file run.txt (compact mmCIF, N, CA and C atoms)
# COMPACT_ATOMS: atom_id res chain seq x y z
N MET A 45 -39.10 -50.11 15.59
CA MET A 45 -40.48 -50.36 15.23
C MET A 45 -40.62 -51.68 14.47
N TYR A 46 -39.71 -51.89 13.50
CA TYR A 46 -39.77 -53.13 12.71
C TYR A 46 -39.57 -54.35 13.60
N GLU A 47 -38.63 -54.27 14.56
CA GLU A 47 -38.36 -55.39 15.45
C GLU A 47 -39.59 -55.73 16.29
N GLU A 48 -40.32 -54.71 16.76
CA GLU A 48 -41.53 -54.92 17.55
C GLU A 48 -42.60 -55.63 16.71
N LEU A 49 -42.77 -55.17 15.47
CA LEU A 49 -43.75 -55.80 14.58
C LEU A 49 -43.35 -57.23 14.25
N ALA A 50 -42.08 -57.47 14.05
CA ALA A 50 -41.60 -58.82 13.75
C ALA A 50 -41.80 -59.74 14.95
N ALA A 51 -41.53 -59.24 16.15
CA ALA A 51 -41.72 -60.05 17.37
C ALA A 51 -43.20 -60.39 17.56
N ARG A 52 -44.06 -59.42 17.27
CA ARG A 52 -45.51 -59.66 17.38
C ARG A 52 -45.95 -60.71 16.37
N ALA A 53 -45.47 -60.60 15.15
CA ALA A 53 -45.82 -61.56 14.10
C ALA A 53 -45.31 -62.95 14.47
N ASP A 54 -44.12 -63.02 15.05
CA ASP A 54 -43.56 -64.31 15.45
C ASP A 54 -44.40 -64.97 16.54
N LEU A 55 -44.81 -64.20 17.55
CA LEU A 55 -45.62 -64.75 18.63
C LEU A 55 -46.99 -65.18 18.11
N GLU A 56 -47.59 -64.36 17.26
CA GLU A 56 -48.89 -64.71 16.69
C GLU A 56 -48.80 -66.01 15.89
N LYS A 57 -47.76 -66.15 15.09
CA LYS A 57 -47.58 -67.37 14.31
C LYS A 57 -47.39 -68.58 15.22
N LEU A 58 -46.63 -68.41 16.27
CA LEU A 58 -46.39 -69.50 17.22
C LEU A 58 -47.71 -69.97 17.83
N VAL A 59 -48.55 -69.04 18.25
CA VAL A 59 -49.84 -69.36 18.88
C VAL A 59 -50.76 -70.05 17.88
N ILE A 60 -50.88 -69.50 16.69
CA ILE A 60 -51.76 -70.08 15.67
C ILE A 60 -51.26 -71.46 15.24
N ASP A 61 -49.96 -71.59 15.03
CA ASP A 61 -49.40 -72.88 14.63
C ASP A 61 -49.61 -73.93 15.72
N PHE A 62 -49.43 -73.54 16.98
CA PHE A 62 -49.66 -74.46 18.09
C PHE A 62 -51.11 -74.93 18.10
N THR A 63 -52.04 -74.00 17.96
CA THR A 63 -53.46 -74.35 17.96
C THR A 63 -53.80 -75.24 16.77
N GLU A 64 -53.26 -74.93 15.62
CA GLU A 64 -53.52 -75.74 14.43
C GLU A 64 -52.93 -77.15 14.54
N ALA A 65 -51.86 -77.30 15.33
CA ALA A 65 -51.27 -78.63 15.52
C ALA A 65 -52.30 -79.59 16.11
N PHE A 66 -53.20 -79.08 16.95
CA PHE A 66 -54.27 -79.93 17.47
C PHE A 66 -55.19 -80.38 16.34
N ASN A 67 -55.48 -79.47 15.41
CA ASN A 67 -56.36 -79.80 14.29
C ASN A 67 -55.70 -80.79 13.33
N HIS A 68 -54.39 -80.89 13.35
CA HIS A 68 -53.68 -81.87 12.51
C HIS A 68 -53.72 -83.26 13.13
N GLU A 69 -54.20 -83.34 14.37
CA GLU A 69 -54.32 -84.62 15.10
C GLU A 69 -52.97 -85.32 15.22
N ASP A 70 -51.94 -84.54 15.52
CA ASP A 70 -50.57 -85.06 15.62
C ASP A 70 -50.02 -84.71 17.00
N ILE A 71 -50.07 -85.67 17.92
CA ILE A 71 -49.63 -85.42 19.29
C ILE A 71 -48.15 -85.04 19.35
N ASP A 72 -47.33 -85.63 18.47
CA ASP A 72 -45.90 -85.29 18.47
C ASP A 72 -45.68 -83.83 18.07
N GLU A 73 -46.47 -83.36 17.10
CA GLU A 73 -46.37 -81.95 16.69
C GLU A 73 -46.79 -81.04 17.84
N VAL A 74 -47.87 -81.37 18.52
CA VAL A 74 -48.33 -80.57 19.65
C VAL A 74 -47.27 -80.54 20.74
N MET A 75 -46.73 -81.70 21.08
CA MET A 75 -45.75 -81.78 22.16
C MET A 75 -44.45 -81.06 21.83
N SER A 76 -44.15 -80.89 20.56
CA SER A 76 -42.91 -80.21 20.16
C SER A 76 -42.90 -78.74 20.59
N TYR A 77 -44.06 -78.18 20.90
CA TYR A 77 -44.14 -76.78 21.33
C TYR A 77 -43.85 -76.60 22.82
N PHE A 78 -44.04 -77.66 23.61
CA PHE A 78 -43.92 -77.56 25.07
C PHE A 78 -42.47 -77.62 25.54
N ALA A 79 -42.15 -76.80 26.54
CA ALA A 79 -40.88 -76.91 27.25
C ALA A 79 -40.93 -78.19 28.09
N ASP A 80 -39.78 -78.73 28.41
CA ASP A 80 -39.71 -79.99 29.18
C ASP A 80 -40.43 -79.90 30.52
N ASP A 81 -40.38 -78.74 31.17
CA ASP A 81 -40.98 -78.58 32.50
C ASP A 81 -42.28 -77.77 32.45
N ALA A 82 -42.96 -77.81 31.33
CA ALA A 82 -44.17 -77.02 31.14
C ALA A 82 -45.29 -77.45 32.08
N ILE A 83 -46.26 -76.55 32.21
CA ILE A 83 -47.46 -76.79 33.01
C ILE A 83 -48.66 -76.72 32.08
N TYR A 84 -49.58 -77.67 32.24
CA TYR A 84 -50.85 -77.64 31.52
C TYR A 84 -51.97 -77.75 32.55
N ASP A 85 -52.75 -76.69 32.68
CA ASP A 85 -53.93 -76.66 33.55
C ASP A 85 -55.15 -76.88 32.68
N GLU A 86 -55.83 -78.00 32.92
CA GLU A 86 -57.04 -78.29 32.16
C GLU A 86 -58.20 -77.41 32.64
N PHE A 87 -59.27 -77.39 31.86
CA PHE A 87 -60.45 -76.59 32.22
C PHE A 87 -61.10 -77.07 33.50
N ASN A 88 -60.84 -78.33 33.90
CA ASN A 88 -61.43 -78.89 35.11
C ASN A 88 -60.50 -78.79 36.31
N ASP A 89 -59.46 -77.97 36.19
CA ASP A 89 -58.50 -77.67 37.26
C ASP A 89 -57.54 -78.82 37.55
N ILE A 90 -57.43 -79.77 36.66
CA ILE A 90 -56.40 -80.80 36.80
C ILE A 90 -55.13 -80.24 36.20
N ARG A 91 -54.04 -80.32 36.96
CA ARG A 91 -52.77 -79.76 36.53
C ARG A 91 -51.79 -80.88 36.18
N HIS A 92 -51.13 -80.71 35.04
CA HIS A 92 -50.12 -81.66 34.59
C HIS A 92 -48.80 -80.90 34.46
N VAL A 93 -47.72 -81.46 34.99
CA VAL A 93 -46.42 -80.82 34.96
C VAL A 93 -45.43 -81.75 34.27
N GLY A 94 -44.75 -81.20 33.27
CA GLY A 94 -43.75 -81.96 32.53
C GLY A 94 -44.32 -82.62 31.29
N GLY A 95 -43.45 -82.80 30.31
CA GLY A 95 -43.87 -83.33 29.02
C GLY A 95 -44.56 -84.68 29.09
N LYS A 96 -44.07 -85.58 29.91
CA LYS A 96 -44.65 -86.92 30.00
C LYS A 96 -46.10 -86.85 30.52
N ALA A 97 -46.32 -86.05 31.56
CA ALA A 97 -47.66 -85.91 32.13
C ALA A 97 -48.60 -85.19 31.17
N ILE A 98 -48.10 -84.19 30.48
CA ILE A 98 -48.93 -83.45 29.52
C ILE A 98 -49.32 -84.35 28.36
N ARG A 99 -48.37 -85.10 27.84
CA ARG A 99 -48.67 -86.04 26.75
C ARG A 99 -49.75 -87.02 27.18
N ALA A 100 -49.62 -87.59 28.37
CA ALA A 100 -50.61 -88.55 28.87
C ALA A 100 -52.00 -87.92 28.95
N ALA A 101 -52.06 -86.64 29.32
CA ALA A 101 -53.36 -85.95 29.41
C ALA A 101 -54.02 -85.81 28.05
N PHE A 102 -53.20 -85.69 26.99
CA PHE A 102 -53.73 -85.51 25.63
C PHE A 102 -54.05 -86.82 24.91
N VAL A 103 -53.57 -87.94 25.41
CA VAL A 103 -53.73 -89.22 24.71
C VAL A 103 -55.20 -89.51 24.36
N PRO A 104 -56.15 -89.39 25.29
CA PRO A 104 -57.55 -89.69 24.92
C PRO A 104 -58.04 -88.83 23.74
N GLN A 105 -57.68 -87.56 23.76
CA GLN A 105 -58.09 -86.66 22.68
C GLN A 105 -57.53 -87.13 21.34
N PHE A 106 -56.26 -87.45 21.32
CA PHE A 106 -55.62 -87.84 20.06
C PHE A 106 -55.94 -89.27 19.66
N ALA A 107 -56.46 -90.06 20.60
CA ALA A 107 -56.91 -91.42 20.28
C ALA A 107 -58.33 -91.40 19.71
N GLY A 108 -58.95 -90.22 19.68
CA GLY A 108 -60.28 -90.09 19.10
C GLY A 108 -61.43 -90.38 20.05
N GLU A 109 -61.15 -90.43 21.35
CA GLU A 109 -62.21 -90.77 22.31
C GLU A 109 -63.34 -89.75 22.34
N TYR A 110 -63.08 -88.52 21.91
CA TYR A 110 -64.11 -87.48 21.91
C TYR A 110 -64.59 -87.18 20.49
N GLY A 111 -64.18 -88.02 19.55
CA GLY A 111 -64.54 -87.80 18.16
C GLY A 111 -63.56 -86.85 17.48
N ARG A 112 -63.97 -86.36 16.35
CA ARG A 112 -63.15 -85.39 15.60
C ARG A 112 -63.26 -84.03 16.28
N MET A 113 -62.12 -83.50 16.71
CA MET A 113 -62.09 -82.22 17.42
C MET A 113 -61.38 -81.19 16.57
N ARG A 114 -61.98 -80.01 16.47
CA ARG A 114 -61.36 -78.91 15.72
C ARG A 114 -61.51 -77.61 16.48
N PHE A 115 -60.39 -76.89 16.60
CA PHE A 115 -60.39 -75.57 17.22
C PHE A 115 -60.51 -74.52 16.13
N HIS A 116 -61.45 -73.60 16.32
CA HIS A 116 -61.69 -72.52 15.36
C HIS A 116 -61.45 -71.20 16.10
N THR A 117 -60.39 -70.51 15.73
CA THR A 117 -59.98 -69.29 16.42
C THR A 117 -61.00 -68.18 16.21
N GLU A 118 -61.38 -67.54 17.32
CA GLU A 118 -62.30 -66.40 17.27
C GLU A 118 -61.58 -65.08 17.54
N ASP A 119 -60.59 -65.12 18.43
CA ASP A 119 -59.92 -63.87 18.79
C ASP A 119 -58.55 -64.21 19.39
N LEU A 120 -57.67 -63.24 19.38
CA LEU A 120 -56.31 -63.44 19.85
C LEU A 120 -55.79 -62.15 20.46
N PHE A 121 -55.24 -62.24 21.67
CA PHE A 121 -54.62 -61.11 22.35
C PHE A 121 -53.18 -61.50 22.63
N LEU A 122 -52.25 -60.58 22.39
CA LEU A 122 -50.83 -60.85 22.58
C LEU A 122 -50.19 -59.81 23.49
N ASP A 123 -49.32 -60.28 24.38
CA ASP A 123 -48.43 -59.41 25.15
C ASP A 123 -47.03 -59.87 24.79
N VAL A 124 -46.48 -59.25 23.77
CA VAL A 124 -45.21 -59.70 23.21
C VAL A 124 -44.09 -59.60 24.24
N ASP A 125 -44.02 -58.50 24.99
CA ASP A 125 -42.95 -58.32 25.97
C ASP A 125 -42.95 -59.42 27.02
N ALA A 126 -44.13 -59.86 27.42
CA ALA A 126 -44.24 -60.90 28.44
C ALA A 126 -44.21 -62.31 27.84
N GLY A 127 -44.35 -62.41 26.51
CA GLY A 127 -44.39 -63.73 25.87
C GLY A 127 -45.67 -64.47 26.16
N LYS A 128 -46.76 -63.72 26.32
CA LYS A 128 -48.05 -64.33 26.67
C LYS A 128 -49.09 -64.06 25.59
N ALA A 129 -50.03 -64.99 25.50
CA ALA A 129 -51.12 -64.85 24.54
C ALA A 129 -52.39 -65.42 25.14
N MET A 130 -53.51 -64.89 24.70
CA MET A 130 -54.81 -65.46 25.01
C MET A 130 -55.51 -65.69 23.68
N ILE A 131 -55.90 -66.92 23.44
CA ILE A 131 -56.60 -67.25 22.21
C ILE A 131 -57.97 -67.79 22.58
N ARG A 132 -59.00 -67.18 21.99
CA ARG A 132 -60.39 -67.59 22.23
C ARG A 132 -60.82 -68.43 21.03
N TRP A 133 -61.50 -69.55 21.31
CA TRP A 133 -61.84 -70.47 20.24
C TRP A 133 -63.22 -71.09 20.46
N VAL A 134 -63.71 -71.71 19.39
CA VAL A 134 -64.85 -72.61 19.46
C VAL A 134 -64.29 -73.99 19.13
N LEU A 135 -64.59 -74.95 19.99
CA LEU A 135 -64.15 -76.32 19.76
C LEU A 135 -65.35 -77.13 19.29
N THR A 136 -65.23 -77.69 18.09
CA THR A 136 -66.28 -78.57 17.59
C THR A 136 -65.87 -80.01 17.85
N LEU A 137 -66.85 -80.81 18.25
CA LEU A 137 -66.65 -82.24 18.51
C LEU A 137 -67.66 -83.00 17.66
N GLU A 138 -67.17 -83.93 16.88
CA GLU A 138 -68.07 -84.67 15.99
C GLU A 138 -67.82 -86.17 16.11
N GLN A 139 -68.87 -86.89 16.50
CA GLN A 139 -68.88 -88.34 16.51
C GLN A 139 -70.06 -88.79 15.66
N ASP A 140 -70.08 -90.05 15.32
CA ASP A 140 -71.18 -90.54 14.47
C ASP A 140 -72.54 -90.27 15.09
N ASN A 141 -72.66 -90.43 16.40
CA ASN A 141 -73.97 -90.31 17.05
C ASN A 141 -74.22 -88.97 17.73
N ARG A 142 -73.23 -88.07 17.72
CA ARG A 142 -73.46 -86.75 18.32
C ARG A 142 -72.44 -85.74 17.79
N GLN A 143 -72.90 -84.50 17.72
CA GLN A 143 -72.06 -83.40 17.31
C GLN A 143 -72.38 -82.21 18.21
N GLY A 144 -71.37 -81.41 18.48
CA GLY A 144 -71.61 -80.25 19.31
C GLY A 144 -70.38 -79.36 19.34
N ALA A 145 -70.47 -78.31 20.13
CA ALA A 145 -69.36 -77.37 20.22
C ALA A 145 -69.46 -76.62 21.53
N TYR A 146 -68.32 -76.12 21.98
CA TYR A 146 -68.31 -75.20 23.11
C TYR A 146 -67.21 -74.18 22.91
N ARG A 147 -67.36 -73.07 23.63
CA ARG A 147 -66.40 -71.97 23.51
C ARG A 147 -65.45 -71.99 24.69
N GLY A 148 -64.24 -71.55 24.44
CA GLY A 148 -63.26 -71.49 25.50
C GLY A 148 -62.08 -70.63 25.10
N LEU A 149 -61.06 -70.68 25.93
CA LEU A 149 -59.84 -69.94 25.62
C LEU A 149 -58.66 -70.60 26.29
N ASP A 150 -57.50 -70.30 25.76
CA ASP A 150 -56.23 -70.72 26.34
C ASP A 150 -55.41 -69.48 26.64
N ILE A 151 -54.81 -69.46 27.82
CA ILE A 151 -53.80 -68.47 28.14
C ILE A 151 -52.48 -69.21 28.04
N LEU A 152 -51.61 -68.71 27.19
CA LEU A 152 -50.36 -69.38 26.86
C LEU A 152 -49.17 -68.51 27.25
N HIS A 153 -48.17 -69.14 27.86
CA HIS A 153 -46.93 -68.44 28.24
C HIS A 153 -45.78 -69.09 27.46
N PHE A 154 -45.03 -68.27 26.75
CA PHE A 154 -43.89 -68.76 25.98
C PHE A 154 -42.60 -68.15 26.49
N GLU A 155 -41.53 -68.95 26.49
CA GLU A 155 -40.19 -68.47 26.77
C GLU A 155 -39.26 -69.10 25.75
N ASP A 156 -38.50 -68.27 25.07
CA ASP A 156 -37.54 -68.74 24.07
C ASP A 156 -38.18 -69.69 23.05
N GLY A 157 -39.40 -69.35 22.63
CA GLY A 157 -40.08 -70.12 21.61
C GLY A 157 -40.72 -71.40 22.08
N LYS A 158 -40.69 -71.68 23.37
CA LYS A 158 -41.30 -72.89 23.92
C LYS A 158 -42.44 -72.53 24.85
N LEU A 159 -43.46 -73.34 24.85
CA LEU A 159 -44.64 -73.14 25.68
C LEU A 159 -44.32 -73.62 27.10
N THR A 160 -44.39 -72.72 28.06
CA THR A 160 -44.09 -73.07 29.45
C THR A 160 -45.35 -73.27 30.28
N GLU A 161 -46.46 -72.63 29.87
CA GLU A 161 -47.73 -72.78 30.58
C GLU A 161 -48.88 -72.70 29.60
N LYS A 162 -49.84 -73.61 29.79
CA LYS A 162 -51.09 -73.60 29.00
C LYS A 162 -52.23 -73.74 30.00
N HIS A 163 -53.04 -72.68 30.09
CA HIS A 163 -54.19 -72.67 30.99
C HIS A 163 -55.45 -72.62 30.14
N THR A 164 -56.29 -73.64 30.26
CA THR A 164 -57.48 -73.76 29.44
C THR A 164 -58.73 -73.45 30.27
N TYR A 165 -59.62 -72.67 29.69
CA TYR A 165 -60.89 -72.32 30.32
C TYR A 165 -61.99 -72.52 29.30
N CYS A 166 -63.20 -72.85 29.80
CA CYS A 166 -64.31 -72.99 28.86
C CYS A 166 -65.60 -72.49 29.49
N LYS A 167 -66.54 -72.19 28.62
CA LYS A 167 -67.86 -71.77 29.07
C LYS A 167 -68.60 -73.00 29.59
N ALA A 168 -69.28 -72.86 30.71
CA ALA A 168 -70.01 -73.98 31.31
C ALA A 168 -71.28 -73.46 31.98
N LYS A 169 -72.26 -74.31 32.09
CA LYS A 169 -73.49 -73.93 32.78
C LYS A 169 -73.27 -73.82 34.28
N VAL A 170 -72.39 -74.67 34.81
CA VAL A 170 -72.12 -74.69 36.23
C VAL A 170 -70.62 -74.47 36.44
N PRO A 171 -70.24 -73.48 37.24
CA PRO A 171 -68.80 -73.26 37.46
C PRO A 171 -68.19 -74.40 38.28
N PHE A 172 -66.94 -74.66 38.03
CA PHE A 172 -66.19 -75.65 38.79
C PHE A 172 -65.70 -74.98 40.07
N ILE A 173 -66.21 -75.41 41.21
CA ILE A 173 -65.88 -74.78 42.48
C ILE A 173 -65.06 -75.75 43.32
N ARG A 174 -63.90 -75.29 43.74
CA ARG A 174 -63.01 -76.08 44.59
C ARG A 174 -63.20 -75.68 46.05
N LYS A 175 -62.95 -76.60 46.96
CA LYS A 175 -63.03 -76.32 48.39
C LYS A 175 -61.77 -75.57 48.82
N LYS A 176 -61.97 -74.59 49.72
CA LYS A 176 -60.87 -73.78 50.21
C LYS A 176 -59.78 -74.66 50.83
N LYS A 177 -60.18 -75.64 51.63
CA LYS A 177 -59.21 -76.50 52.31
C LYS A 177 -58.31 -77.22 51.30
N GLU A 178 -58.90 -77.77 50.25
CA GLU A 178 -58.11 -78.46 49.23
C GLU A 178 -57.13 -77.52 48.55
N MET A 179 -57.62 -76.34 48.19
CA MET A 179 -56.76 -75.38 47.51
C MET A 179 -55.64 -74.90 48.43
N ALA A 180 -55.95 -74.68 49.69
CA ALA A 180 -54.93 -74.23 50.64
C ALA A 180 -53.86 -75.31 50.80
N GLU A 181 -54.27 -76.57 50.87
CA GLU A 181 -53.32 -77.68 51.00
C GLU A 181 -52.38 -77.76 49.80
N GLU A 182 -52.87 -77.35 48.65
CA GLU A 182 -52.06 -77.36 47.42
C GLU A 182 -51.29 -76.05 47.24
N GLY A 183 -51.50 -75.11 48.14
CA GLY A 183 -50.84 -73.82 48.01
C GLY A 183 -51.43 -72.96 46.90
N ARG A 184 -52.70 -73.18 46.58
CA ARG A 184 -53.33 -72.46 45.46
C ARG A 184 -54.44 -71.51 45.92
N TRP A 185 -54.68 -71.39 47.24
CA TRP A 185 -55.68 -70.44 47.72
C TRP A 185 -55.08 -69.05 47.66
N PRO A 186 -55.78 -68.06 47.08
CA PRO A 186 -55.22 -66.70 46.94
C PRO A 186 -54.90 -66.08 48.31
N ALA A 187 -53.80 -65.39 48.38
CA ALA A 187 -53.40 -64.69 49.61
C ALA A 187 -54.34 -63.52 49.85
N SER A 188 -54.60 -63.23 51.11
CA SER A 188 -55.50 -62.13 51.46
C SER A 188 -54.79 -60.80 51.33
call {"tool": "encode", "arguments": {"input": "run.txt", "output": "structure tokens"}}
result
Amino acid sequence: MYEELAARADLEKLVIDFTEAFNHEDIDEVMSYFADDAIYDEFNDIRHVGGKAIRAAFVPQFAGEYGRMRFHTEDLFLDVDAGKAMIRWVLTLEQDNRQGAYRGLDILHFEDGKLTEKHTYCKAKVPFIRKKKEMAEEGRWPAS
């Protein structure tokens, strides 16, 4: 029982610390959580594979192109046995001439303390719809 509680606490801390690393505005700290061959799926369905590609995807954010960004955790679900978590957040964006926020979530997969997959989703007025042909060519169309 104690081992299960400790494993849950460890995964929860890993998820919260990873999310807070974004709020520290430290790209090196964020990247330290990713496995070398990790996958990052952005909310717009752009997929980045490997640390170099993932880092490049985060550069605009950490360069301040979207203003001051802060993730505020709303909820957290953990599957300790699978090493998976879902964290729901509100992201605030603040620039001198505009401020706003949107809600979203990350589905995170961890193996041996490293993040192997990060899938980001957000609330939107219009869903992002991909063409079947494009998805099939990428091998991402669901099997019947």
call {"tool": "residues_around", "arguments": {"input": "run.txt", "residues": "Arg99 of chain A", "least_positions_apart": "6", "cutoff": "8 Å", "atoms": "only N, CA and C atoms", "output": "list in words"}}
result
Ile71, Met75, His92 and Val93 of chain A
call {"tool": "write_last_selection", "arguments": {"input": "run.txt", "atoms": "N, CA and C atoms", "output": "PDB file, in the frame of the given file"}}
result
ATOM      1  N   ILE A  71     -50.070 -85.670  17.920  1.00  0.00           N
ATOM      2  CA  ILE A  71     -49.630 -85.420  19.290  1.00  0.00           C
ATOM      3  C   ILE A  71     -48.150 -85.040  19.350  1.00  0.00           C
ATOM      4  N   MET A  75     -46.730 -81.700  21.080  1.00  0.00           N
ATOM      5  CA  MET A  75     -45.750 -81.780  22.160  1.00  0.00           C
ATOM      6  C   MET A  75     -44.450 -81.060  21.830  1.00  0.00           C
ATOM      7  N   HIS A  92     -51.130 -80.710  35.040  1.00  0.00           N
ATOM      8  CA  HIS A  92     -50.120 -81.660  34.590  1.00  0.00           C
ATOM      9  C   HIS A  92     -48.800 -80.900  34.460  1.00  0.00           C
ATOM     10  N   VAL A  93     -47.720 -81.460  34.990  1.00  0.00           N
ATOM     11  CA  VAL A  93     -46.420 -80.820  34.960  1.00  0.00           C
ATOM     12  C   VAL A  93     -45.430 -81.750  34.270  1.00  0.00           C
TER      13      VAL A  93
END
call {"tool": "closest_residue", "arguments": {"input": "run.txt", "among": "A:Tyr165, A:Tyr110, A:Phe87, A:Phe121", "to": "Leu137 of chain A", "atoms": "all atoms listed in the file"}}
result
A:Tyr110
call {"tool": "residues_near_point", "arguments": {"input": "run.txt", "point": "(-63.3, -75.0, 26.6)", "cutoff": "6 Å", "atoms": "only C-alpha atoms", "output": "short mmCIF file (atom, residue, chain, number, x, y, z; two decimals) with N, CA and C atoms, in the frame of the given file"}}
result
data_model
loop_
_atom_site.label_atom_id
_atom_site.label_comp_id
_atom_site.auth_asym_id
_atom_site.auth_seq_id
_atom_site.Cartn_x
_atom_site.Cartn_y
_atom_site.Cartn_z
N ARG A 147 -67.36 -73.07 23.63
CA ARG A 147 -66.40 -71.97 23.51
C ARG A 147 -65.45 -71.99 24.69
N GLY A 148 -64.24 -71.55 24.44
CA GLY A 148 -63.26 -71.49 25.50
C GLY A 148 -62.08 -70.63 25.10
N TYR A 165 -59.62 -72.67 29.69
CA TYR A 165 -60.89 -72.32 30.32
C TYR A 165 -61.99 -72.52 29.30
N CYS A 166 -63.20 -72.85 29.80
CA CYS A 166 -64.31 -72.99 28.86
C CYS A 166 -65.60 -72.49 29.49
#
call {"tool": "select_by_dssp", "arguments": {"input": "run.txt", "residues": "chain A", "states": "strand (DSSP E)", "output": "PyMOL selection string"}}
result
chain A and resi 78-85+91-93+112-123+128-139+142-155+158-166
call {"tool": "closest_residue", "arguments": {"input": "run.txt", "among": "A:His68, A:Arg174, A:Lys167, A:Arg184", "to": "Arg114 of chain A", "atoms": "all atoms listed in the file"}}
result
A:His68
call {"tool": "atom_distance", "arguments": {"input": "run.txt", "atom1": "atom CA of His153 of chain A", "atom2": "atom CA of Thr117 of chain A"}}
result
17.6 Å
call {"tool": "closest_residue", "arguments": {"input": "run.txt", "among": "A:Glu86, A:Pro104, A:Ala180, A:His116", "to": "Thr63 of chain A", "atoms": "only N, CA and C atoms"}}
result
A:His116
call {"tool": "select_by_dssp", "arguments": {"input": "run.txt", "residues": "segment 50-153 of chain A", "states": "alpha helix (DSSP H)", "output": "VMD selection string"}}
result
chain A and resid 50 to 67 71 to 75 95 to 106
call {"tool": "closest_residue", "arguments": {"input": "run.txt", "among": "A:Ile90, A:Gln143, A:Met130, A:Tyr84", "to": "His163 of chain A", "atoms": "only N, CA and C atoms"}}
result
A:Tyr84
call {"tool": "axis_aligned_box", "arguments": {"input": "run.txt", "around": "segment 98-111 of chain A", "padding_each_side": "4 Å", "output": "AutoDock Vina command-line options"}}
result
--center_x -56.3 --center_y -87.4 --center_z 24.0 --size_x 24.5 --size_y 16.0 --size_z 21.0
call {"tool": "closest_residue", "arguments": {"input": "run.txt", "among": "A:Ile173, A:Leu159, A:Ala168, A:Leu122", "to": "Leu55 of chain A", "atoms": "all atoms listed in the file"}}
result
A:Leu122
call {"tool": "residues_around", "arguments": {"input": "run.txt", "residues": "Val74 of chain A", "least_positions_apart": "2", "cutoff": "8 Å", "atoms": "only N, CA and C atoms", "output": "NGL selection string"}}
result
:A and (61-66 or 69-72 or 76-78)
call {"tool": "atom_distance", "arguments": {"input": "run.txt", "atom1": "atom C of Leu135 of chain A", "atom2": "atom N of Ala97 of chain A"}}
result
24.3 Å
call {"tool": "atom_distance", "arguments": {"input": "run.txt", "atom1": "atom C of Leu152 of chain A", "atom2": "atom C of Ala126 of chain A"}}
result
8.0 Å
call {"tool": "closest_residue", "arguments": {"input": "run.txt", "among": "A:Thr164, A:Lys175, A:Ala187, A:Val170", "to": "Asn88 of chain A", "atoms": "only N, CA and C atoms"}}
result
A:Thr164
call {"tool": "residues_around", "arguments": {"input": "run.txt", "residues": "Asp125 of chain A", "least_positions_apart": "2", "cutoff": "10 Å", "atoms": "only C-alpha atoms", "output": "list of chain:residue names"}}
result
A:Glu48, A:Ala51, A:Arg52, A:Leu122, A:Asp123, A:Gly127, A:Lys128
call {"tool": "residues_around", "arguments": {"input": "run.txt", "residues": "Met113 of chain A", "least_positions_apart": "6", "cutoff": "6 Å", "atoms": "all atoms listed in the file", "output": "list in words"}}
result
Asn67, Thr136, Leu137 and Glu138 of chain A
call {"tool": "decode", "arguments": {"input": "run.txt", "residues": "segment 75-86 of chain A", "atoms": "N, CA and C atoms", "output": "compact mmCIF listing (two decimals), in the first residue's frame"}}
result
# COMPACT_ATOMS: atom_id res chain seq x y z
N MET A 75 13.15 20.94 -21.06
CA MET A 75 13.71 19.89 -21.90
C MET A 75 14.32 18.76 -21.08
N SER A 76 14.73 19.04 -19.86
CA SER A 76 15.34 18.01 -19.02
C SER A 76 14.35 16.89 -18.67
N TYR A 77 13.06 17.13 -18.84
CA TYR A 77 12.05 16.11 -18.54
C TYR A 77 11.84 15.14 -19.70
N PHE A 78 12.17 15.56 -20.93
CA PHE A 78 11.89 14.76 -22.12
C PHE A 78 12.92 13.67 -22.35
N ALA A 79 12.45 12.50 -22.77
CA ALA A 79 13.33 11.44 -23.26
C ALA A 79 13.89 11.89 -24.61
N ASP A 80 15.03 11.36 -24.99
CA ASP A 80 15.68 11.76 -26.25
C ASP A 80 14.79 11.54 -27.46
N ASP A 81 13.98 10.49 -27.46
CA ASP A 81 13.14 10.17 -28.62
C ASP A 81 11.66 10.50 -28.36
N ALA A 82 11.42 11.47 -27.51
CA ALA A 82 10.04 11.83 -27.14
C ALA A 82 9.26 12.38 -28.32
N ILE A 83 7.94 12.38 -28.13
CA ILE A 83 7.00 12.92 -29.11
C ILE A 83 6.25 14.06 -28.44
N TYR A 84 6.10 15.17 -29.17
CA TYR A 84 5.26 16.28 -28.71
C TYR A 84 4.26 16.59 -29.81
N ASP A 85 2.98 16.36 -29.53
CA ASP A 85 1.88 16.69 -30.43
C ASP A 85 1.27 18.00 -29.96
N GLU A 86 1.40 19.02 -30.80
CA GLU A 86 0.81 20.32 -30.45
C GLU A 86 -0.71 20.28 -30.61
